[in-house]
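What follows is target.cif (mmCIF, C-alpha atoms).
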data_protein
loop_
_atom_site.label_atom_id
_atom_site.label_comp_id
_atom_site.auth_asym_id
_atom_site.auth_seq_id
_atom_site.Cartn_x
_atom_site.Cartn_y
_atom_site.Cartn_z
CA MET K 1 48.85 51.88 -47.90
CA THR K 2 45.05 52.13 -47.85
CA VAL K 3 42.83 54.90 -46.50
CA ARG K 4 41.71 52.59 -43.68
CA GLN K 5 45.32 51.99 -42.69
CA HIS K 6 45.94 55.72 -42.64
CA ARG K 7 42.88 56.22 -40.48
CA LEU K 8 44.45 53.83 -37.96
CA LEU K 9 47.81 55.65 -38.24
CA THR K 10 46.19 59.00 -37.55
CA ILE K 11 44.27 57.66 -34.52
CA LEU K 12 47.45 56.08 -33.10
CA VAL K 13 49.40 59.32 -33.55
CA ALA K 14 46.58 61.26 -31.91
CA ALA K 15 46.35 58.86 -28.98
CA SER K 16 50.07 58.96 -28.27
CA LEU K 17 50.64 62.63 -28.95
CA LEU K 18 49.90 64.11 -25.52
CA ASP K 19 51.51 61.23 -23.60
CA ALA K 20 54.71 61.73 -25.57
CA ALA K 21 54.61 65.42 -24.76
CA TRP K 22 54.13 64.73 -21.01
CA LEU K 23 57.20 62.47 -21.00
CA GLU K 24 59.24 65.06 -22.84
CA ALA K 25 58.26 67.69 -20.29
CA GLN K 26 59.61 65.54 -17.44
CA VAL K 27 63.09 65.01 -18.85
CA VAL K 28 63.93 68.34 -20.50
CA ARG K 29 64.84 71.26 -18.25
CA LEU K 30 64.21 74.45 -20.20
CA PRO K 31 64.17 78.19 -19.62
CA ALA K 32 60.84 79.97 -19.29
CA VAL K 33 58.62 79.50 -22.31
CA MET K 34 57.62 82.77 -23.93
CA PRO K 35 54.08 83.39 -25.20
CA PRO K 36 53.48 82.68 -28.91
CA SER K 37 55.76 84.98 -30.86
CA GLU K 38 54.40 88.43 -31.61
CA GLN K 39 55.77 88.06 -35.10
CA GLU K 40 54.04 84.76 -35.82
CA TYR K 41 52.15 84.92 -39.08
CA PRO K 42 48.47 84.44 -38.15
CA GLY K 43 46.96 84.13 -41.63
CA ARG K 44 48.00 80.63 -42.54
CA VAL K 45 46.10 79.30 -45.51
CA VAL K 46 45.50 75.57 -45.73
CA SER K 47 46.17 74.65 -49.32
CA HIS K 48 48.31 71.50 -49.13
CA PRO K 49 50.81 72.79 -48.77
CA GLY K 50 49.43 76.19 -47.94
CA PRO K 51 51.34 79.21 -49.12
CA SER K 52 52.49 79.58 -45.54
CA VAL K 53 53.66 77.58 -42.60
CA ASP K 54 53.73 79.08 -39.13
CA LEU K 55 56.29 81.84 -39.41
CA PRO K 56 59.76 80.62 -38.42
CA GLN K 57 61.42 83.55 -36.68
CA PRO K 58 64.87 84.81 -37.64
CA LEU K 59 67.46 82.40 -36.34
CA SER K 60 69.75 82.89 -33.37
CA GLU K 61 72.95 82.11 -35.26
CA PHE K 62 72.23 84.75 -37.86
CA VAL K 63 70.91 87.66 -35.76
CA GLU K 64 72.43 90.17 -33.41
CA PRO K 65 71.77 89.74 -29.65
CA GLU K 66 69.49 92.78 -29.60
CA ASN K 67 67.38 91.51 -32.49
CA PRO K 68 63.75 91.68 -31.28
CA ASP K 69 62.71 89.02 -33.83
CA ARG K 70 64.81 86.27 -32.30
CA PRO K 71 62.44 83.34 -31.56
CA PRO K 72 62.72 81.59 -28.21
CA ASP K 73 63.02 78.17 -29.90
CA ALA K 74 65.72 79.08 -32.43
CA ARG K 75 68.55 76.61 -32.94
CA ASP K 76 72.15 77.30 -33.88
CA GLY K 77 73.02 76.15 -37.37
CA VAL K 78 71.03 75.79 -40.56
CA PHE K 79 68.55 73.18 -39.28
CA GLN K 80 65.68 74.69 -37.28
CA LYS K 81 62.85 72.16 -37.06
CA VAL K 82 61.08 69.22 -38.65
CA ILE K 83 57.27 69.11 -38.82
CA TYR K 84 55.12 66.00 -39.29
CA THR K 85 51.34 66.22 -39.76
CA SER K 86 48.74 63.49 -40.23
CA THR K 87 45.19 64.42 -41.27
CA TRP K 88 42.12 62.25 -41.77
CA LEU K 89 38.75 63.30 -43.22
CA HIS K 90 36.04 60.69 -42.74
CA SER K 91 34.29 59.60 -45.94
CA GLY K 92 30.85 59.62 -44.32
CA THR K 93 28.33 57.25 -45.84
CA ALA K 94 29.26 54.51 -48.31
CA GLY K 95 30.51 56.04 -51.54
CA GLY K 96 31.53 59.27 -49.83
CA PHE K 97 34.80 61.16 -50.22
CA GLY K 98 37.49 60.57 -47.61
CA ILE K 99 41.09 61.78 -47.44
CA ALA K 100 44.09 60.50 -45.47
CA GLU K 101 47.08 62.82 -45.71
CA GLN K 102 50.67 62.58 -44.47
CA GLU K 103 52.97 65.60 -44.66
CA LEU K 104 56.61 66.15 -43.70
CA LYS K 105 58.48 69.48 -43.74
CA THR K 106 61.94 70.61 -42.70
CA VAL K 107 62.68 74.23 -41.78
CA LEU K 108 66.14 75.54 -42.65
CA GLY K 109 67.64 79.02 -42.16
CA PHE K 110 70.34 80.80 -44.17
CA PRO K 111 72.00 84.21 -43.49
CA PHE K 112 70.77 85.72 -46.74
CA PRO K 113 70.53 88.60 -47.39
CA SER K 114 71.78 89.25 -43.84
CA ARG K 115 72.09 87.72 -40.41
CA ARG K 116 69.34 89.98 -39.14
CA SER K 117 66.86 89.04 -41.90
CA PRO K 118 67.69 85.47 -42.91
CA LEU K 119 66.07 83.44 -45.65
CA VAL K 120 63.96 80.56 -44.29
CA VAL K 121 63.72 77.58 -46.67
CA THR K 122 61.13 74.85 -46.05
CA PRO K 123 61.19 71.80 -48.33
CA GLY K 124 58.11 69.64 -47.92
CA PHE K 125 56.44 66.53 -49.25
CA ALA K 126 52.82 65.41 -48.82
CA VAL K 127 50.76 62.48 -50.04
CA SER K 128 46.95 62.38 -49.91
CA TYR K 129 45.16 59.04 -50.21
CA LEU K 130 41.75 59.57 -51.79
CA GLU K 131 38.66 57.48 -51.18
CA GLU K 132 36.82 57.75 -54.48
CA PRO K 133 33.24 59.04 -54.18
CA VAL K 134 30.37 57.67 -56.24
CA GLY K 135 30.39 59.13 -59.75
CA ALA K 136 34.04 60.22 -59.74
CA ASP K 137 37.14 58.95 -61.50
CA LEU K 138 39.99 59.81 -59.14
CA PRO K 139 43.54 58.52 -58.73
CA ALA K 140 44.30 56.54 -55.58
CA ARG K 141 46.60 59.28 -54.35
CA VAL K 142 47.95 62.73 -55.17
CA TYR K 143 51.28 64.27 -54.17
CA GLU K 144 52.82 67.64 -53.42
CA ALA K 145 56.56 68.28 -53.53
CA THR K 146 57.38 71.89 -52.65
CA VAL K 147 60.09 74.26 -51.44
CA GLN K 148 59.01 77.42 -49.65
CA PHE K 149 61.28 80.48 -49.57
CA ARG K 150 60.24 82.88 -46.82
CA TRP K 151 61.59 86.20 -45.62
CA TRP K 152 60.55 88.44 -42.73
CA LYS K 153 61.80 92.03 -42.60
CA ARG K 154 61.19 94.51 -39.77
CA PHE K 155 61.51 97.99 -41.27
CA THR K 156 60.76 99.87 -38.03
CA PRO K 157 60.27 98.71 -34.43
CA ARG K 158 56.50 98.59 -35.12
CA PHE K 159 56.24 97.59 -38.79
CA GLY K 160 57.37 94.54 -40.76
CA ILE K 161 56.56 92.53 -43.90
CA ASP K 162 56.33 88.75 -44.31
CA PHE K 163 56.93 87.47 -47.86
CA ALA K 164 56.89 83.86 -49.10
CA VAL K 165 56.81 81.95 -52.39
CA THR K 166 56.32 78.15 -52.63
CA PRO K 167 57.04 76.60 -56.04
CA GLY K 168 56.11 72.96 -56.31
CA VAL K 169 54.68 70.00 -58.19
CA PHE K 170 51.04 69.13 -57.45
CA SER K 171 49.92 65.95 -59.25
CA ASP K 172 49.33 62.21 -59.08
CA PHE K 173 52.84 61.74 -60.59
CA ASP K 174 51.21 60.06 -63.62
CA GLU K 175 50.19 63.36 -65.21
CA SER K 176 53.18 65.63 -65.89
CA SER K 177 51.56 68.56 -67.72
CA ASP K 178 52.30 72.20 -66.97
CA GLU K 179 49.19 72.21 -64.77
CA ALA K 180 51.19 70.27 -62.17
CA LEU K 181 53.64 73.17 -61.70
CA ARG K 182 52.23 75.84 -59.41
CA THR K 183 53.69 78.67 -57.33
CA PRO K 184 51.53 79.79 -54.40
CA GLY K 185 52.77 82.52 -52.08
CA HIS K 186 51.79 85.43 -49.89
CA VAL K 187 52.79 88.89 -48.75
CA ALA K 188 51.49 90.38 -45.50
CA ALA K 189 52.33 93.51 -43.52
CA ARG K 190 52.08 93.68 -39.74
CA PHE K 191 51.82 96.91 -37.75
CA GLU K 192 51.92 97.20 -33.97
CA TRP K 193 49.05 99.57 -33.20
CA THR K 194 49.48 99.22 -29.43
CA PRO K 195 51.65 96.90 -27.31
CA ASN K 196 48.71 94.43 -27.22
CA LEU K 197 47.14 94.99 -30.64
CA ASP K 198 48.59 94.33 -34.12
CA VAL K 199 47.04 95.01 -37.52
CA VAL K 200 47.68 92.53 -40.37
CA LEU K 201 46.99 93.23 -44.03
CA GLY K 202 48.03 91.39 -47.20
CA ALA K 203 47.09 88.78 -49.79
CA ALA K 204 47.76 85.12 -50.54
CA TYR K 205 48.18 83.87 -54.09
CA LEU K 206 46.91 80.27 -53.98
CA ASP K 207 47.44 79.45 -57.67
CA ARG K 208 44.38 77.18 -57.56
CA ASP K 209 41.69 76.74 -60.15
CA ASP K 210 38.86 77.59 -57.73
CA VAL K 211 40.42 80.53 -55.86
CA SER K 212 43.42 82.36 -57.24
CA VAL K 213 43.87 85.18 -54.71
CA LEU K 214 42.69 85.33 -51.11
CA PRO K 215 42.85 88.48 -48.94
CA ILE K 216 44.65 88.44 -45.61
CA GLY K 217 43.50 90.91 -43.00
CA GLY K 218 42.46 91.46 -39.42
CA LEU K 219 43.63 92.08 -35.87
CA VAL K 220 45.81 90.19 -33.42
CA TRP K 221 44.83 91.14 -29.88
CA THR K 222 46.58 89.85 -26.77
CA PRO K 223 44.68 91.13 -23.71
CA HIS K 224 47.08 89.23 -21.43
CA ASP K 225 49.66 86.47 -21.61
CA ASP K 226 47.07 83.70 -21.26
CA LEU K 227 44.73 84.77 -24.08
CA LYS K 228 45.38 85.49 -27.76
CA LEU K 229 42.76 86.47 -30.33
CA GLU K 230 44.02 86.17 -33.92
CA LEU K 231 41.01 87.67 -35.68
CA VAL K 232 42.65 87.39 -39.08
CA ALA K 233 41.16 85.97 -42.28
CA PRO K 234 41.51 83.38 -43.74
CA ARG K 235 42.51 81.54 -40.55
CA PRO K 236 41.04 83.15 -37.44
CA ARG K 237 42.01 81.60 -34.12
CA ILE K 238 41.29 82.20 -30.45
CA ALA K 239 43.77 80.54 -28.08
CA ARG K 240 43.72 80.20 -24.29
CA ARG K 241 46.56 78.95 -22.11
CA LEU K 242 45.71 75.95 -19.93
CA TYR K 243 46.85 75.14 -16.40
CA TRP K 244 46.39 71.45 -15.65
CA ARG K 245 48.29 68.56 -14.08
CA SER K 246 50.93 71.11 -13.07
CA ALA K 247 52.15 70.91 -16.67
CA CYS K 248 52.16 74.62 -17.47
CA THR K 249 55.40 75.54 -15.75
CA GLU K 250 58.62 77.28 -16.64
CA GLU K 251 59.30 74.33 -18.94
CA VAL K 252 56.20 73.91 -21.07
CA GLU K 253 52.97 75.62 -22.14
CA ASP K 254 49.61 74.07 -23.06
CA TRP K 255 47.07 75.92 -25.19
CA ALA K 256 43.49 75.20 -26.26
CA TYR K 257 42.07 76.96 -29.29
CA VAL K 258 39.21 77.24 -31.72
CA ALA K 259 40.04 78.09 -35.33
CA GLY K 260 38.66 78.30 -38.84
CA GLU K 261 40.32 77.20 -42.09
CA PHE K 262 39.82 77.24 -45.83
CA GLY K 263 41.11 73.89 -47.08
CA GLY K 264 41.75 72.11 -50.34
CA GLY K 265 44.09 72.14 -53.30
CA THR K 266 44.56 71.65 -57.04
CA TRP K 267 46.34 68.70 -58.66
CA ALA K 268 47.03 67.56 -62.21
CA ILE K 269 45.68 64.01 -62.61
CA ARG K 270 45.25 61.30 -65.26
CA ARG K 271 41.78 59.82 -65.65
CA ALA K 272 41.12 56.11 -66.14
CA SER K 273 40.68 56.78 -69.87
CA GLY K 274 44.25 58.10 -70.03
CA ALA K 275 43.17 61.71 -70.58
CA GLY K 276 44.80 64.45 -68.51
CA ASP K 277 42.66 66.56 -66.20
CA VAL K 278 42.91 68.93 -63.23
CA LEU K 279 41.23 68.09 -59.90
CA THR K 280 40.35 70.88 -57.47
CA TYR K 281 38.95 70.28 -54.00
CA HIS K 282 37.91 72.82 -51.38
CA ASP K 283 36.17 72.88 -48.03
CA PHE K 284 35.68 74.98 -44.89
CA ARG K 285 36.67 73.81 -41.41
CA VAL K 286 35.82 74.69 -37.80
CA ILE K 287 38.46 73.25 -35.48
CA LEU K 288 38.99 72.61 -31.78
CA GLY K 289 42.61 71.98 -30.85
CA LEU K 290 45.13 71.34 -28.08
CA GLU K 291 48.76 72.35 -28.45
CA ARG K 292 51.85 71.80 -26.32
CA LYS K 293 54.96 73.98 -26.65
CA ALA K 294 58.30 72.94 -25.11
CA LEU K 295 61.41 74.93 -25.89
CA GLY K 296 64.10 72.68 -27.28
CA GLY K 297 61.84 69.66 -26.98
CA LEU K 298 58.95 68.00 -28.76
CA ASP K 299 55.90 70.13 -29.59
CA GLY K 300 52.59 68.46 -30.34
CA ARG K 301 49.03 69.27 -31.35
CA LEU K 302 45.78 67.39 -31.65
CA GLU K 303 42.73 68.74 -33.51
CA ILE K 304 39.20 67.67 -34.29
CA GLY K 305 37.02 69.59 -36.72
CA TYR K 306 33.78 69.82 -38.61
CA VAL K 307 34.22 70.06 -42.41
CA PHE K 308 31.51 71.57 -44.62
CA GLY K 309 31.03 73.29 -47.97
CA ARG K 310 32.96 70.50 -49.71
CA GLU K 311 33.25 70.42 -53.51
CA LEU K 312 35.22 68.53 -56.17
CA GLN K 313 35.74 70.27 -59.51
CA PHE K 314 37.25 69.00 -62.77
CA ALA K 315 38.77 71.19 -65.49
CA GLY K 316 37.91 68.59 -68.14
CA GLY K 317 34.19 69.22 -67.95
CA SER K 318 33.03 66.41 -65.66
CA PRO K 319 30.16 67.41 -63.36
CA ASP K 320 31.13 68.88 -60.01
CA ILE K 321 30.65 66.65 -56.95
CA GLU K 322 29.56 67.96 -53.55
CA PRO K 323 30.43 65.41 -50.84
CA GLU K 324 28.47 65.54 -47.61
CA ASP K 325 29.78 67.27 -44.49
CA THR K 326 32.23 65.25 -42.44
CA VAL K 327 34.62 65.27 -39.49
CA MET K 328 38.39 65.73 -39.38
CA VAL K 329 41.11 64.48 -37.05
CA ARG K 330 44.59 65.95 -37.29
CA ALA K 331 47.71 65.32 -35.21
CA GLY K 332 51.13 66.90 -35.53
CA LEU K 333 54.61 66.74 -34.05
CA THR K 334 57.34 69.37 -34.30
CA TYR K 335 60.93 69.01 -33.20
#

With the file now loaded, output its structure as structure tokens.
Amino acid sequence: MTVRQHRLLTILVAASLLDAAWLEAQVVRLPAVMPPSEQEYPGRVVSHPGPSVDLPQPLSEFVEPENPDRPPDARDGVFQKVIYTSTWLHSGTAGGFGIAEQELKTVLGFPFPSRRSPLVVTPGFAVSYLEEPVGADLPARVYEATVQFRWWKRFTPRFGIDFAVTPGVFSDFDESSDEALRTPGHVAARFEWTPNLDVVLGAAYLDRDDVSVLPIGGLVWTPHDDLKLELVAPRPRIARRLYWRSACTEEVEDWAYVAGEFGGGTWAIRRASGAGDVLTYHDFRVILGLERKALGGLDGRLEIGYVFGRELQFAGGSPDIEPEDTVMVRAGLTY
């Protein structure tokens, strides 16, 4: 499948995303939707796959009824959710660097080491179709096959730690050197300073050739139920609840947000000459997004962003390439 075909796929997903969510809202009768979980990990790093996904809360089957960490959307059983994301970065002018990415993850929960603090396991697979820029020798696509192991532990009513490790294979599947095996992860502590203000502090190990360790830190402030300020590096976000078309009811919630991201990744590749190399790409993103949450139903999001500070690096000594700034479209569905 070509980059152009994936552009069309992303646009079609984006166009149908909100309509699908409206239909879902009409047929599913749900209890009141709670605000975004207070225990949600706000420092998600985009690193394909990032060392973190949005924090899956401890699961209803494995926790006691009084467990304050029980998420409102928890399911009984091991299966919790499936997440599909489609991302497109425009190549810009002729000979520019474009990316079309498809990613699928499944969130599973196991009562280990206990029902109250279960282990959340998230296998994932992503493929990125690369549009080769002028002066580069890139494979047509790179892959990521990962399994994240994540654990959240509340030590006191006001203090908890989020720990995750994500071993995986990052390569074009033609190059099988040790450089393809990487293990990103993170550890972050969260302290409730006041009922409306949390402090987050930690670090993310990206296991990338450009950035190895990235600090996590900042504040999560919720002045009221309709506004949330996640002023946390490396992914700050300000979200506001929307009231439109009578859609924000006891059944569903709609949110608009602005966010920042540090994107990119590292992959082992094989050059056209047959020599092995390591490709590293990074960028910075400013994003505007819409998100719909429906308990027990289909969640969706649609984002557009401006991408800048882009750079391609090669471990084999080839000159670095700095593609021009571009735009991003991303759509996602979660069930």

- For each of K:Ala259, K:Ile99, K:Ala164, K:Leu302, take the minimum atom-to-atom distance to K:Arg141, counting all atoms listed in the file, then give the residue where this is smallest. K:Ile99

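Considering the residues K:Leu89, K:Ala203, K:Leu104, K:Val120 and counting all atoms listed in the file, K:Val327 has its shortest atom-to-atom contact with K:Leu89.
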
Taking the file as I've supplied it (selection: the PyMOL selection byres ((chain K and resi 258) around 8)), which residues are included? Please answer as a CSV table (one decimal) with C-alpha atoms, keeping the file's coordinate frame.
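And here is the file that came out, expr-v7.csv:
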chain,number,residue,atom,x,y,z
K,237,ARG,CA,42.0,81.6,-34.1
K,238,ILE,CA,41.3,82.2,-30.4
K,239,ALA,CA,43.8,80.5,-28.1
K,256,ALA,CA,43.5,75.2,-26.3
K,257,TYR,CA,42.1,77.0,-29.3
K,259,ALA,CA,40.0,78.1,-35.3
K,260,GLY,CA,38.7,78.3,-38.8
K,286,VAL,CA,35.8,74.7,-37.8
K,287,ILE,CA,38.5,73.2,-35.5
K,288,LEU,CA,39.0,72.6,-31.8
K,289,GLY,CA,42.6,72.0,-30.8

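You can rank K:Gly96, K:Leu295, K:Ser176, K:Val278 by their closest distance to K:Arg310 using all atoms listed in the file, and at the top of that list sits K:Gly96.
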
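Using all atoms listed in the file, the smallest distance between any of K:Pro113, K:Gly316, K:Gly202, K:Gly92 and K:Arg150 comes from K:Pro113.
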
- Task: Starting from the displayed file, determine the output of the PyMOL selection byres ((chain K and resi 195) around 10) and express the residue list as number ranges by chain.
- Result: K: 38, 158, 192-194, 196-198, 221-223

- What is the distance, in Å and to one decimal place, between atom CA of K:Phe191 and atom CA of K:Lys293?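 It comes out at 25.7 Å.
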
- Any idea what the distance is between atom CA of K:Gly160 and atom CA of K:Val199?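 Going from atom CA of K:Gly160 over to atom CA of K:Val199 covers 10.8 Å.
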
Give me the stretch 228-318 of chain K side of the contact with stretch 183-190 of chain K, cut-off 12 Å, one line per residue showing its nearest atom pair and distance in Å at one decimal, counting all atoms listed in the file, sorted by chain and residue number, as JSON lines.
{"residue": "K:Val232", "atom": "CA", "partner": "K:Ala188", "partner_atom": "CA", "distance": 11.3}
{"residue": "K:Ala233", "atom": "CA", "partner": "K:Ala188", "partner_atom": "CA", "distance": 11.7}
{"residue": "K:Gly265", "atom": "CA", "partner": "K:Pro184", "partner_atom": "CA", "distance": 10.7}
{"residue": "K:Thr266", "atom": "CA", "partner": "K:Pro184", "partner_atom": "CA", "distance": 11.0}

- Note on the structure: Between K:Lys153, K:His224, K:Arg270, K:Lys105, smallest distance to K:Ile83 by only C-alpha atoms belongs to K:Lys105

- Query: Mind pulling up the distance from atom CA of K:Gly95 to atom CA of K:Gly309?
  - Reply: 17.6 Å

- Proximity to K:Glu253 - best of K:Glu303, K:Glu175, K:Asp210, K:Asp225, all atoms listed in the file: K:Asp225

I'd like the contact shell of K:Val211 - 10 Å cut-off, all atoms listed in the file, skipping same-chain residues fewer than 2 positions apart - returned as a PDB file with C-alpha atoms, in the coordinates of the input.
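File produced: out-v2.pdb:
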ATOM      1  CA  TYR K 205      48.180  83.870 -54.090  1.00  0.00           C
ATOM      2  CA  LEU K 206      46.910  80.270 -53.980  1.00  0.00           C
ATOM      3  CA  ASP K 207      47.440  79.450 -57.670  1.00  0.00           C
ATOM      4  CA  ARG K 208      44.380  77.180 -57.560  1.00  0.00           C
ATOM      5  CA  ASP K 209      41.690  76.740 -60.150  1.00  0.00           C
ATOM      6  CA  VAL K 213      43.870  85.180 -54.710  1.00  0.00           C
ATOM      7  CA  LEU K 214      42.690  85.330 -51.110  1.00  0.00           C
ATOM      8  CA  GLY K 265      44.090  72.140 -53.300  1.00  0.00           C
ATOM      9  CA  THR K 266      44.560  71.650 -57.040  1.00  0.00           C
ATOM     10  CA  THR K 280      40.350  70.880 -57.470  1.00  0.00           C
ATOM     11  CA  HIS K 282      37.910  72.820 -51.380  1.00  0.00           C
TER      12      HIS K 282
END

- Message: Neighbouring residues of stretch 77-81 of chain K were defined as those with any atom within 6 Å, considering all atoms listed in the file; residues of the same chain fewer than 6 positions away were excluded. Please report them as a PyMOL selection string.
- Response: chain K and resi 106-109+335

Written file, previous selection with C-alpha atoms, as a JSON list (two decimals), in the frame of the given file:
[["chain", "number", "residue", "atom", "x", "y", "z"],
["K", 106, "THR", "CA", 61.94, 70.61, -42.70],
["K", 107, "VAL", "CA", 62.68, 74.23, -41.78],
["K", 108, "LEU", "CA", 66.14, 75.54, -42.65],
["K", 109, "GLY", "CA", 67.64, 79.02, -42.16],
["K", 335, "TYR", "CA", 60.93, 69.01, -33.20]]

- Given the file above and the PyMOL selection byres ((chain K and resi 140) around 9), which residues are selected, and can you give them as a PyMOL selection string? chain K and resi 2+128-132+138-139+141-142+172

- Would you list the residues near (54.2, 72.2, -59.3) (no more than 6 Å away, in the coordinates of the file, using all atoms listed in the file) as a PyMOL selection string? chain K and resi 168-170+180-182

Residues within 8 Å of K:Leu333, please, as a compact mmCIF listing (two decimals) with C-alpha atoms, keeping the file's coordinate frame. Count only C-alpha atoms; anything in the same chain fewer than 3 positions from it doesn't count.
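Result file follows (part04.txt):
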# COMPACT_ATOMS: atom_id res chain seq x y z
CA LEU K 17 50.64 62.63 -28.95
CA ILE K 83 57.27 69.11 -38.82
CA TYR K 84 55.12 66.00 -39.29
CA THR K 85 51.34 66.22 -39.76
CA LEU K 298 58.95 68.00 -28.76
CA ASP K 299 55.90 70.13 -29.59
CA GLY K 300 52.59 68.46 -30.34
CA ARG K 301 49.03 69.27 -31.35
